[in-house]
>>> print(open('entry_0.tsv').read())   # TSV, C-alpha atoms
chain	number	residue	atom	x	y	z
A	1	MET	CA	12.89	-27.51	-13.89
A	2	LYS	CA	12.09	-26.83	-10.22
A	3	ASN	CA	8.98	-26.78	-8.11
A	4	THR	CA	10.71	-25.43	-5.02
A	5	ILE	CA	12.66	-22.24	-4.45
A	6	ASN	CA	16.40	-22.86	-4.82
A	7	ARG	CA	19.05	-21.10	-2.71
A	8	ARG	CA	19.38	-18.11	-5.03
A	9	GLN	CA	15.64	-17.70	-5.23
A	10	ALA	CA	15.32	-18.05	-1.45
A	11	ILE	CA	17.89	-15.31	-0.90
A	12	THR	CA	16.03	-13.02	-3.27
A	13	ALA	CA	12.68	-13.76	-1.62
A	14	ALA	CA	14.18	-13.17	1.81
A	15	GLY	CA	15.19	-9.69	0.73
A	16	LEU	CA	11.74	-8.71	-0.44
A	17	ALA	CA	11.04	-6.69	2.71
A	18	ALA	CA	13.21	-3.96	1.25
A	19	GLY	CA	11.29	-3.98	-2.03
A	20	SER	CA	7.97	-2.70	-3.27
A	21	LEU	CA	6.02	-5.94	-2.82
A	22	CYS	CA	6.56	-6.47	0.90
A	23	LEU	CA	5.93	-4.51	4.04
A	24	PRO	CA	7.71	-5.19	7.34
A	25	HIS	CA	5.34	-6.22	10.09
A	26	ALA	CA	6.89	-3.51	12.26
A	27	VAL	CA	5.39	-0.89	9.96
A	28	ALA	CA	1.84	-1.81	10.87
A	29	ALA	CA	-1.02	0.19	9.40
A	30	THR	CA	-2.81	0.56	12.70
A	31	SER	CA	-5.44	2.82	11.22
A	32	ALA	CA	-6.53	-0.06	8.97
A	33	ILE	CA	-7.07	-2.26	12.01
A	34	SER	CA	-9.28	0.32	13.66
A	35	ASN	CA	-11.26	0.79	10.46
A	36	PRO	CA	-12.04	-2.64	8.98
A	37	ALA	CA	-14.86	-1.07	6.98
A	38	LYS	CA	-12.18	-0.19	4.44
A	39	PHE	CA	-12.59	-3.74	3.18
A	40	ARG	CA	-15.04	-4.00	0.31
A	41	PHE	CA	-17.35	-6.99	-0.02
A	42	CYS	CA	-17.53	-8.70	-3.39
A	43	LEU	CA	-19.41	-11.65	-4.90
A	44	ASN	CA	-17.37	-14.01	-7.03
A	45	THR	CA	-20.03	-15.54	-9.24
A	46	SER	CA	-18.60	-19.04	-8.81
A	47	THR	CA	-20.56	-18.97	-5.54
A	48	ILE	CA	-23.80	-19.15	-7.54
A	49	ARG	CA	-22.40	-20.87	-10.60
A	50	GLY	CA	-24.54	-23.99	-10.21
A	51	GLN	CA	-27.74	-21.98	-10.57
A	52	ARG	CA	-26.71	-21.27	-14.17
A	53	LEU	CA	-27.73	-17.63	-14.21
A	54	ALA	CA	-26.91	-15.31	-17.08
A	55	LEU	CA	-24.58	-12.39	-16.43
A	56	ALA	CA	-27.38	-9.86	-16.07
A	57	GLU	CA	-29.11	-12.13	-13.55
A	58	GLN	CA	-25.90	-12.56	-11.55
A	59	VAL	CA	-25.58	-8.80	-11.40
A	60	GLU	CA	-29.10	-8.41	-10.04
A	61	VAL	CA	-28.40	-11.03	-7.36
A	62	ALA	CA	-25.27	-9.16	-6.25
A	63	ILE	CA	-27.08	-5.83	-6.19
A	64	ALA	CA	-30.07	-7.14	-4.25
A	65	ALA	CA	-27.85	-8.89	-1.70
A	66	GLY	CA	-25.99	-5.67	-0.93
A	67	TYR	CA	-22.45	-6.37	-2.15
A	68	ASP	CA	-20.02	-3.56	-2.96
A	69	GLY	CA	-18.72	-5.30	-6.05
A	70	ILE	CA	-18.78	-8.35	-8.29
A	71	GLU	CA	-16.17	-10.70	-9.74
A	72	PRO	CA	-17.70	-12.42	-12.77
A	73	TRP	CA	-16.25	-15.16	-14.94
A	74	ILE	CA	-14.99	-14.35	-18.42
A	75	ARG	CA	-17.05	-17.12	-19.98
A	76	ASP	CA	-20.23	-15.38	-18.77
A	77	LEU	CA	-19.06	-12.05	-20.17
A	78	GLN	CA	-18.31	-13.76	-23.48
A	79	ALA	CA	-21.71	-15.48	-23.54
A	80	HIS	CA	-23.40	-12.13	-22.88
A	81	ALA	CA	-21.52	-10.48	-25.73
A	82	ASP	CA	-22.03	-13.43	-28.06
A	83	GLY	CA	-25.76	-13.16	-27.43
A	84	GLY	CA	-25.72	-9.68	-28.92
A	85	HIS	CA	-26.00	-7.90	-25.57
A	86	SER	CA	-24.03	-4.91	-24.37
A	87	LEU	CA	-21.48	-5.34	-21.59
A	88	ALA	CA	-21.37	-1.57	-21.24
A	89	ASP	CA	-25.06	-1.57	-20.35
A	90	VAL	CA	-24.44	-4.15	-17.62
A	91	GLY	CA	-21.53	-2.06	-16.38
A	92	LYS	CA	-23.78	0.99	-16.20
A	93	ARG	CA	-26.35	-0.99	-14.21
A	94	LEU	CA	-23.62	-1.92	-11.74
A	95	ALA	CA	-22.29	1.62	-11.52
A	96	ASP	CA	-25.75	3.08	-11.05
A	97	ALA	CA	-26.30	0.65	-8.17
A	98	GLY	CA	-22.95	1.61	-6.62
A	99	LEU	CA	-21.13	-1.66	-7.37
A	100	THR	CA	-17.67	-2.00	-8.87
A	101	VAL	CA	-16.24	-4.70	-11.12
A	102	GLU	CA	-13.45	-5.77	-8.78
A	103	SER	CA	-11.93	-8.40	-11.05
A	104	ALA	CA	-12.88	-11.20	-13.43
A	105	ILE	CA	-11.94	-14.86	-13.64
A	106	GLY	CA	-10.24	-15.97	-16.85
A	107	PHE	CA	-8.12	-18.93	-17.89
A	108	ALA	CA	-5.73	-17.70	-20.56
A	109	ARG	CA	-2.74	-20.07	-20.88
A	110	TRP	CA	0.02	-17.47	-20.56
A	111	ILE	CA	2.36	-19.72	-18.55
A	112	VAL	CA	2.73	-22.80	-20.79
A	113	ASP	CA	6.01	-23.96	-22.33
A	114	ASP	CA	4.86	-24.37	-25.92
A	115	GLU	CA	5.59	-21.02	-27.58
A	116	ALA	CA	2.72	-21.14	-30.07
A	117	GLU	CA	0.26	-22.07	-27.33
A	118	ARG	CA	1.66	-19.37	-25.05
A	119	ASN	CA	1.29	-16.72	-27.76
A	120	LYS	CA	-2.28	-17.88	-28.24
A	121	GLY	CA	-2.70	-17.56	-24.48
A	122	LEU	CA	-1.55	-13.94	-24.58
A	123	GLN	CA	-4.01	-13.27	-27.39
A	124	ASP	CA	-6.77	-14.87	-25.34
A	125	ALA	CA	-5.75	-12.74	-22.36
A	126	GLU	CA	-6.04	-9.61	-24.50
A	127	ARG	CA	-9.52	-10.65	-25.63
A	128	ASP	CA	-10.54	-11.31	-22.03
A	129	MET	CA	-9.17	-7.98	-20.83
A	130	LEU	CA	-11.12	-6.12	-23.48
A	131	LEU	CA	-14.30	-7.79	-22.24
A	132	VAL	CA	-13.48	-6.71	-18.68
A	133	LYS	CA	-12.92	-3.14	-19.87
A	134	GLN	CA	-16.29	-3.09	-21.62
A	135	LEU	CA	-17.91	-4.07	-18.33
A	136	GLY	CA	-16.06	-1.30	-16.53
A	137	GLY	CA	-13.38	-3.36	-14.78
A	138	ALA	CA	-9.62	-2.92	-14.64
A	139	ARG	CA	-8.36	-6.22	-13.18
A	140	ILE	CA	-8.39	-9.89	-14.13
A	141	ALA	CA	-7.18	-13.07	-12.43
A	142	ALA	CA	-4.07	-14.71	-13.88
A	143	PRO	CA	-3.93	-18.29	-12.57
A	144	PRO	CA	-1.20	-20.77	-13.61
A	145	VAL	CA	-3.47	-22.58	-16.07
A	146	GLY	CA	-1.63	-25.14	-18.12
A	147	ALA	CA	1.35	-25.59	-15.81
A	148	ASN	CA	1.33	-29.36	-15.67
A	149	GLY	CA	4.57	-29.83	-13.77
A	150	PRO	CA	7.23	-28.01	-11.75
A	151	MET	CA	8.59	-24.91	-13.48
A	152	ASP	CA	11.55	-22.59	-13.02
A	153	LEU	CA	10.28	-19.53	-11.16
A	154	ASP	CA	12.43	-17.12	-13.15
A	155	LEU	CA	10.88	-18.47	-16.35
A	156	ILE	CA	7.40	-17.99	-14.92
A	157	ALA	CA	8.38	-14.44	-13.95
A	158	GLU	CA	9.41	-13.67	-17.55
A	159	ARG	CA	6.08	-14.95	-18.81
A	160	TYR	CA	4.14	-13.02	-16.19
A	161	HIS	CA	6.02	-9.89	-17.26
A	162	ALA	CA	4.85	-10.47	-20.84
A	163	LEU	CA	1.27	-10.79	-19.58
A	164	LEU	CA	1.64	-7.60	-17.54
A	165	GLU	CA	2.79	-5.79	-20.67
A	166	VAL	CA	-0.42	-6.82	-22.44
A	167	GLY	CA	-2.38	-5.51	-19.49
A	168	ALA	CA	-0.44	-2.24	-19.34
A	169	ARG	CA	-1.28	-1.58	-22.97
A	170	LEU	CA	-4.98	-2.15	-22.35
A	171	GLY	CA	-5.30	-0.68	-18.86
A	172	VAL	CA	-6.17	-3.97	-17.14
A	173	VAL	CA	-4.01	-5.51	-14.40
A	174	PRO	CA	-3.53	-9.31	-14.50
A	175	GLN	CA	-3.31	-10.46	-10.87
A	176	LEU	CA	-1.03	-13.46	-10.32
A	177	GLU	CA	-3.30	-16.02	-8.69
A	178	LEU	CA	-2.26	-18.68	-6.20
A	179	TRP	CA	-3.53	-22.20	-6.89
A	180	GLY	CA	-2.89	-24.63	-4.08
A	181	HIS	CA	-3.11	-27.61	-6.43
A	182	SER	CA	-0.75	-26.15	-9.04
A	183	PRO	CA	2.68	-27.79	-9.41
A	184	ALA	CA	4.08	-24.39	-10.41
A	185	ILE	CA	2.62	-21.76	-8.05
A	186	HIS	CA	1.12	-23.38	-4.96
A	187	LYS	CA	3.22	-21.74	-2.22
A	188	LEU	CA	3.00	-18.13	-1.06
A	189	GLY	CA	6.76	-17.88	-1.42
A	190	GLN	CA	6.52	-18.86	-5.08
A	191	LEU	CA	3.77	-16.29	-5.63
A	192	ILE	CA	5.83	-13.53	-4.03
A	193	TYR	CA	8.99	-14.49	-5.89
A	194	VAL	CA	7.35	-14.53	-9.32
A	195	ALA	CA	5.56	-11.22	-8.73
A	196	THR	CA	8.84	-9.63	-7.62
A	197	GLU	CA	11.07	-11.03	-10.34
A	198	ALA	CA	8.57	-10.12	-13.05
A	199	GLY	CA	10.10	-6.67	-12.69
A	200	HIS	CA	6.93	-4.77	-13.50
A	201	ARG	CA	5.34	-1.93	-11.57
A	202	ASP	CA	1.85	-3.34	-12.13
A	203	ALA	CA	2.60	-6.76	-10.60
A	204	ALA	CA	-0.17	-7.80	-8.22
A	205	MET	CA	-1.05	-10.93	-6.30
A	206	LEU	CA	-4.37	-12.69	-5.77
A	207	PRO	CA	-4.26	-15.04	-2.75
A	208	ASP	CA	-7.10	-17.23	-1.52
A	209	VAL	CA	-7.81	-18.71	1.93
A	210	TYR	CA	-8.51	-22.17	0.55
A	211	HIS	CA	-5.57	-22.19	-1.84
A	212	ILE	CA	-3.07	-21.06	0.81
A	213	TYR	CA	-4.23	-23.99	2.94
A	214	LYS	CA	-4.32	-26.46	0.06
A	215	GLY	CA	-0.82	-25.49	-1.06
A	216	GLY	CA	0.63	-26.03	2.40
A	217	SER	CA	1.78	-22.50	3.21
A	218	ASP	CA	1.44	-20.97	6.65
A	219	PHE	CA	-1.00	-18.06	6.72
A	220	ALA	CA	1.65	-16.02	8.57
A	221	GLY	CA	3.27	-15.55	5.17
A	222	LEU	CA	0.60	-13.00	4.34
A	223	ARG	CA	2.31	-10.65	6.78
A	224	THR	CA	5.14	-10.21	4.25
A	225	ILE	CA	2.95	-8.91	1.43
A	226	ALA	CA	2.16	-5.21	1.24
A	227	GLY	CA	-1.57	-4.66	1.07
A	228	GLN	CA	-1.15	-2.34	-1.89
A	229	ARG	CA	-0.05	-5.33	-3.98
A	230	MET	CA	-3.36	-7.11	-3.45
A	231	ASN	CA	-6.50	-5.61	-4.93
A	232	VAL	CA	-8.68	-8.65	-4.29
A	233	PHE	CA	-8.47	-11.44	-1.72
A	234	HIS	CA	-10.56	-14.57	-2.21
A	235	MET	CA	-12.52	-15.38	0.94
A	236	ASN	CA	-13.89	-18.76	1.94
A	237	ASP	CA	-13.44	-21.33	4.70
A	238	TYR	CA	-12.68	-25.04	4.83
A	239	PRO	CA	-13.69	-27.92	7.12
A	240	ALA	CA	-11.38	-30.13	9.17
A	241	ASP	CA	-12.37	-33.10	7.04
A	242	PRO	CA	-11.42	-34.00	4.34
A	243	PRO	CA	-7.75	-33.34	5.18
A	244	ARG	CA	-5.58	-30.92	3.23
A	245	GLU	CA	-4.17	-33.62	0.98
A	246	THR	CA	-7.56	-34.59	-0.44
A	247	ILE	CA	-9.68	-31.49	0.07
A	248	ARG	CA	-11.21	-30.04	-3.12
A	249	ASP	CA	-12.74	-26.77	-4.28
A	250	ALA	CA	-16.18	-28.27	-3.72
A	251	ASP	CA	-15.44	-28.59	0.01
A	252	ARG	CA	-15.20	-24.85	0.57
A	253	VAL	CA	-17.77	-23.44	3.00
A	254	TYR	CA	-19.02	-20.03	4.06
A	255	PRO	CA	-16.59	-17.90	6.09
A	256	GLY	CA	-16.93	-18.82	9.75
A	257	ASP	CA	-18.31	-22.29	9.06
A	258	GLY	CA	-14.90	-23.98	8.94
A	259	ILE	CA	-11.56	-24.04	10.74
A	260	ALA	CA	-9.52	-21.44	8.83
A	261	PRO	CA	-7.83	-18.83	11.09
A	262	LEU	CA	-9.85	-16.04	9.52
A	263	THR	CA	-9.46	-13.61	12.42
A	264	GLN	CA	-5.69	-13.66	12.15
A	265	ILE	CA	-5.82	-13.55	8.34
A	266	LEU	CA	-8.01	-10.45	8.34
A	267	ARG	CA	-5.97	-8.72	11.02
A	268	ASP	CA	-2.74	-9.37	9.12
A	269	LEU	CA	-4.27	-8.07	5.90
A	270	ALA	CA	-5.40	-4.90	7.66
A	271	GLU	CA	-2.05	-4.37	9.37
A	272	ASN	CA	-0.27	-4.52	6.04
A	273	GLY	CA	-2.57	-1.94	4.50
A	274	PHE	CA	-4.97	-4.06	2.47
A	275	THR	CA	-8.12	-2.06	1.73
A	276	GLY	CA	-9.28	-4.02	-1.29
A	277	ALA	CA	-12.14	-6.41	-1.91
A	278	LEU	CA	-12.85	-9.56	0.05
A	279	SER	CA	-14.36	-11.65	-2.73
A	280	LEU	CA	-16.53	-14.59	-1.67
A	281	GLU	CA	-15.43	-17.50	-3.87
A	282	LEU	CA	-17.15	-20.82	-3.23
A	283	PHE	CA	-17.78	-23.92	-5.33
A	284	ASN	CA	-19.99	-25.84	-2.96
A	285	PRO	CA	-22.52	-28.02	-4.83
A	286	GLU	CA	-24.82	-28.00	-1.80
A	287	TYR	CA	-25.11	-24.22	-2.07
A	288	TRP	CA	-25.80	-24.53	-5.79
A	289	LYS	CA	-28.98	-26.44	-4.96
A	290	LEU	CA	-30.37	-23.38	-3.17
A	291	ASP	CA	-31.84	-20.17	-4.47
A	292	ALA	CA	-29.03	-17.93	-5.72
A	293	SER	CA	-30.31	-14.90	-3.81
A	294	GLU	CA	-30.38	-16.88	-0.59
A	295	VAL	CA	-26.80	-18.06	-1.10
A	296	ALA	CA	-25.55	-14.57	-1.94
A	297	LYS	CA	-27.24	-13.00	1.07
A	298	THR	CA	-26.08	-15.73	3.44
A	299	GLY	CA	-22.54	-15.43	2.13
A	300	LEU	CA	-22.46	-11.67	2.62
A	301	ARG	CA	-23.93	-11.92	6.10
A	302	LYS	CA	-21.33	-14.49	7.15
A	303	LEU	CA	-18.53	-12.55	5.48
A	304	LYS	CA	-19.44	-9.36	7.32
A	305	ALA	CA	-19.87	-11.23	10.58
A	306	THR	CA	-16.41	-12.75	10.20
A	307	VAL	CA	-14.85	-9.32	9.65
A	308	ALA	CA	-16.76	-7.84	12.58
A	309	ALA	CA	-15.62	-10.68	14.87
A	310	ALA	CA	-12.01	-10.24	13.77
A	311	PHE	CA	-11.93	-6.63	14.93
A	312	ALA	CA	-14.29	-6.83	17.90
>>> encode(input="entry_0.tsv", output="C-alpha cells")
Amino acid sequence: MKNTINRRQAITAAGLAAGSLCLPHAVAATSAISNPAKFRFCLNTSTIRGQRLALAEQVEVAIAAGYDGIEPWIRDLQAHADGGHSLADVGKRLADAGLTVESAIGFARWIVDDEAERNKGLQDAERDMLLVKQLGGARIAAPPVGANGPMDLDLIAERYHALLEVGARLGVVPQLELWGHSPAIHKLGQLIYVATEAGHRDAAMLPDVYHIYKGGSDFAGLRTIAGQRMNVFHMNDYPADPPRETIRDADRVYPGDGIAPLTQILRDLAENGFTGALSLELFNPEYWKLDASEVAKTGLRKLKATVAAAFA
C-alpha cells in the first residue's frame, strides 16, 4: 500500500495536461477573469451547524442572507424525511427563491477495504443520492471516509469508478473530495490522479482552501485542474497559528480573516474556467455561538468582498 505517488503514477499525473481533467495555464480563460460574477455564492450548512437548525430553517437563513445556493448535510435531509416532511417542498421553496442545491455533504464509506462494508457504503451512497434528488440537487461530496491508512491510488480509482457508476444511474455526480488529514487523499496530486484513473466521464473534484493547506500541497497546483471538473469549491480561510501540523477544522475563519492566498486562488480558478459555486464551509465554534442569520450574512459579505478584492 502507498500513500505517495510512485514513479508510474507520477508519470501519468504529469501527462494530465493532455487529458480532460487538466487545462494548460497557457490556455487562460481571460473572460472569466474579467467577469468574476460568474462565481456563485453558496452556504455550506456546516457554517451554522452549531445553532442546530432544522433543514427548513437552514434554507430560510440562506435565502434571507442572499446566497445563490445551499450545500446541506445528508443527515439533515434524512432527519427532515424521517420526520414525515417533504424534501420536494423544501426544494420548491429554494427554487422559488432562486437558490440552487449546489451539492450535499455525505459520508458513505465507498473507499474502505472490507468488501461487505464497501458494498454497504455504495448502498448508503445510493440512499443519500436519492435524498439529494428529492431536494432538487444533482451533486454530492465523496470524501475518503474510512481510509485509515495509506492506499494504492489505482485501487481508490477503481472504487471511485464504482461510486460514479451509482451516480450515473441516479443522475447525481459524486465529487471526489480532498481531505487534508486523510492518509489516502490529502494531496492535490492524489486527487487529480484518482479522478483521472477512475476512467469515468462524470469524474469531478471538490477541493477546499483549508484542506489544500492542511494536506501540504501548494495552491499553485490548482492551475492544473480544468474548471469544468470542479462544480463546487469550498471557501474558508485559516490563521497563522496554530501551524499547519496541528490546525483543525474548528480553526477555520471567514474568508479574508486569515492568511490564505485567496486572491491568487480565485484568479487561478477563474483563469482555468471555473464558474461554479464558492461554498462557504466553516466549523468555527465561536461562530456557532452567534445568531445563524448574522453568521450567514457576515460570511457572504466577506466572501463577496474577497472575490471583489481579487479582481479589483
>>> closest_residue(input="entry_0.tsv", among="A:Gly273, A:Gly199, A:Pro150, A:Gly299", to="Met235 of chain A", atoms="all atoms listed in the file")
A:Gly299
>>> atom_distance(input="entry_0.tsv", atom1="atom CA of Val101 of chain A", atom2="atom CA of Tyr67 of chain A")
11.0 Å
>>> closest_residue(input="entry_0.tsv", among="A:Ile156, A:Asp257, A:Lys38, A:Ser182", to="Leu269 of chain A", atoms="only C-alpha atoms")
A:Lys38
>>> atom_distance(input="entry_0.tsv", atom1="atom CA of Ala138 of chain A", atom2="atom CA of Leu170 of chain A")
9.0 Å
>>> atom_distance(input="entry_0.tsv", atom1="atom CA of Leu55 of chain A", atom2="atom CA of Asp76 of chain A")
5.8 Å
>>> residues_near_point(input="entry_0.tsv", point="(-4.9, -15.2, -16.5)", cutoff="6 Å", atoms="all atoms listed in the file", output="JSON, numbers by chain")
{"A": [106, 107, 108, 141, 142, 143]}
>>> residues_around(input="entry_0.tsv", residues="Ala305 of chain A", least_positions_apart="4", cutoff="12 Å", atoms="all atoms listed in the file", output="PyMOL selection string")
chain A and resi 36-37+41+254-257+262-263+298-301+309-312
>>> closest_residue(input="entry_0.tsv", among="A:Val194, A:Leu99, A:Leu122, A:Val132", to="Leu77 of chain A", atoms="all atoms listed in the file")
A:Val132
>>> closest_residue(input="entry_0.tsv", among="A:Thr275, A:Ser217, A:Gln134, A:Asn284", to="Arg49 of chain A", atoms="only C-alpha atoms")
A:Asn284
>>> axis_aligned_box(input="entry_0.tsv", around="segment 50-57 of chain A", padding_each_side="4 Å", output="AutoDock Vina command-line options")
--center_x -26.8 --center_y -16.9 --center_z -13.6 --size_x 12.6 --size_y 22.1 --size_z 14.9
>>> residues_near_point(input="entry_0.tsv", point="(8.8, -18.6, -18.9)", cutoff="10 Å", atoms="only C-alpha atoms", output="list in words")
Trp110, Ile111, Val112, Asp113, Asp114, Glu115, Arg118, Met151, Asp152, Leu153, Asp154, Leu155, Ile156, Ala157, Glu158, Arg159, Tyr160, His161 and Ala162 of chain A
>>> closest_residue(input="entry_0.tsv", among="A:Ile225, A:Leu178, A:Pro183, A:Thr100", to="Thr196 of chain A", atoms="all atoms listed in the file")
A:Ile225
>>> closest_residue(input="entry_0.tsv", among="A:Ser279, A:Val145, A:Gly136, A:Asp251", to="Glu117 of chain A", atoms="only C-alpha atoms")
A:Val145
>>> residues_around(input="entry_0.tsv", residues="Arg139 of chain A", least_positions_apart="2", cutoff="9 Å", atoms="all atoms listed in the file", output="ChimeraX atom specification")
/A:101-104,129,132-133,137,141,167,171-175,231
>>> build_atoms(input="entry_0.tsv", residues="segment 69-85 of chain A", atoms="N, CA and C atoms", output="mmCIF file, in the coordinates of the input")
data_model
loop_
_atom_site.group_PDB
_atom_site.id
_atom_site.type_symbol
_atom_site.label_atom_id
_atom_site.label_comp_id
_atom_site.auth_asym_id
_atom_site.auth_seq_id
_atom_site.Cartn_x
_atom_site.Cartn_y
_atom_site.Cartn_z
ATOM 1 N N GLY A 69 -19.281 -5.026 -4.741
ATOM 2 C CA GLY A 69 -18.720 -5.300 -6.050
ATOM 3 C C GLY A 69 -19.006 -6.714 -6.499
ATOM 4 N N ILE A 70 -18.544 -7.023 -7.705
ATOM 5 C CA ILE A 70 -18.780 -8.350 -8.290
ATOM 6 C C ILE A 70 -17.513 -8.794 -9.002
ATOM 7 N N GLU A 71 -17.299 -10.100 -9.037
ATOM 8 C CA GLU A 71 -16.170 -10.700 -9.740
ATOM 9 C C GLU A 71 -16.709 -11.806 -10.638
ATOM 10 N N PRO A 72 -17.090 -11.441 -11.856
ATOM 11 C CA PRO A 72 -17.700 -12.420 -12.770
ATOM 12 C C PRO A 72 -16.646 -13.272 -13.468
ATOM 13 N N TRP A 73 -17.119 -14.283 -14.163
ATOM 14 C CA TRP A 73 -16.250 -15.160 -14.940
ATOM 15 C C TRP A 73 -16.275 -14.722 -16.397
ATOM 16 N N ILE A 74 -15.112 -14.793 -17.033
ATOM 17 C CA ILE A 74 -14.990 -14.350 -18.420
ATOM 18 C C ILE A 74 -15.960 -15.083 -19.329
ATOM 19 N N ARG A 75 -16.172 -16.366 -19.095
ATOM 20 C CA ARG A 75 -17.050 -17.120 -19.980
ATOM 21 C C ARG A 75 -18.469 -16.553 -19.964
ATOM 22 N N ASP A 76 -18.895 -15.980 -18.833
ATOM 23 C CA ASP A 76 -20.230 -15.380 -18.770
ATOM 24 C C ASP A 76 -20.258 -14.037 -19.481
ATOM 25 N N LEU A 77 -19.146 -13.299 -19.403
ATOM 26 C CA LEU A 77 -19.060 -12.050 -20.170
ATOM 27 C C LEU A 77 -19.093 -12.358 -21.663
ATOM 28 N N GLN A 78 -18.355 -13.394 -22.061
ATOM 29 C CA GLN A 78 -18.310 -13.760 -23.480
ATOM 30 C C GLN A 78 -19.685 -14.218 -23.960
ATOM 31 N N ALA A 79 -20.370 -15.012 -23.156
ATOM 32 C CA ALA A 79 -21.710 -15.480 -23.540
ATOM 33 C C ALA A 79 -22.667 -14.311 -23.689
ATOM 34 N N HIS A 80 -22.549 -13.321 -22.806
ATOM 35 C CA HIS A 80 -23.400 -12.130 -22.880
ATOM 36 C C HIS A 80 -23.148 -11.378 -24.183
ATOM 37 N N ALA A 81 -21.870 -11.195 -24.512
ATOM 38 C CA ALA A 81 -21.520 -10.480 -25.730
ATOM 39 C C ALA A 81 -21.911 -11.275 -26.970
ATOM 40 N N ASP A 82 -21.688 -12.585 -26.925
ATOM 41 C CA ASP A 82 -22.030 -13.430 -28.060
ATOM 42 C C ASP A 82 -23.528 -13.460 -28.326
ATOM 43 N N GLY A 83 -24.311 -13.195 -27.287
ATOM 44 C CA GLY A 83 -25.760 -13.160 -27.430
ATOM 45 C C GLY A 83 -26.270 -11.837 -27.986
ATOM 46 N N GLY A 84 -25.339 -10.958 -28.335
ATOM 47 C CA GLY A 84 -25.720 -9.680 -28.920
ATOM 48 C C GLY A 84 -26.065 -8.613 -27.901
ATOM 49 N N HIS A 85 -25.684 -8.842 -26.636
ATOM 50 C CA HIS A 85 -26.000 -7.900 -25.570
ATOM 51 C C HIS A 85 -24.800 -7.015 -25.251
#
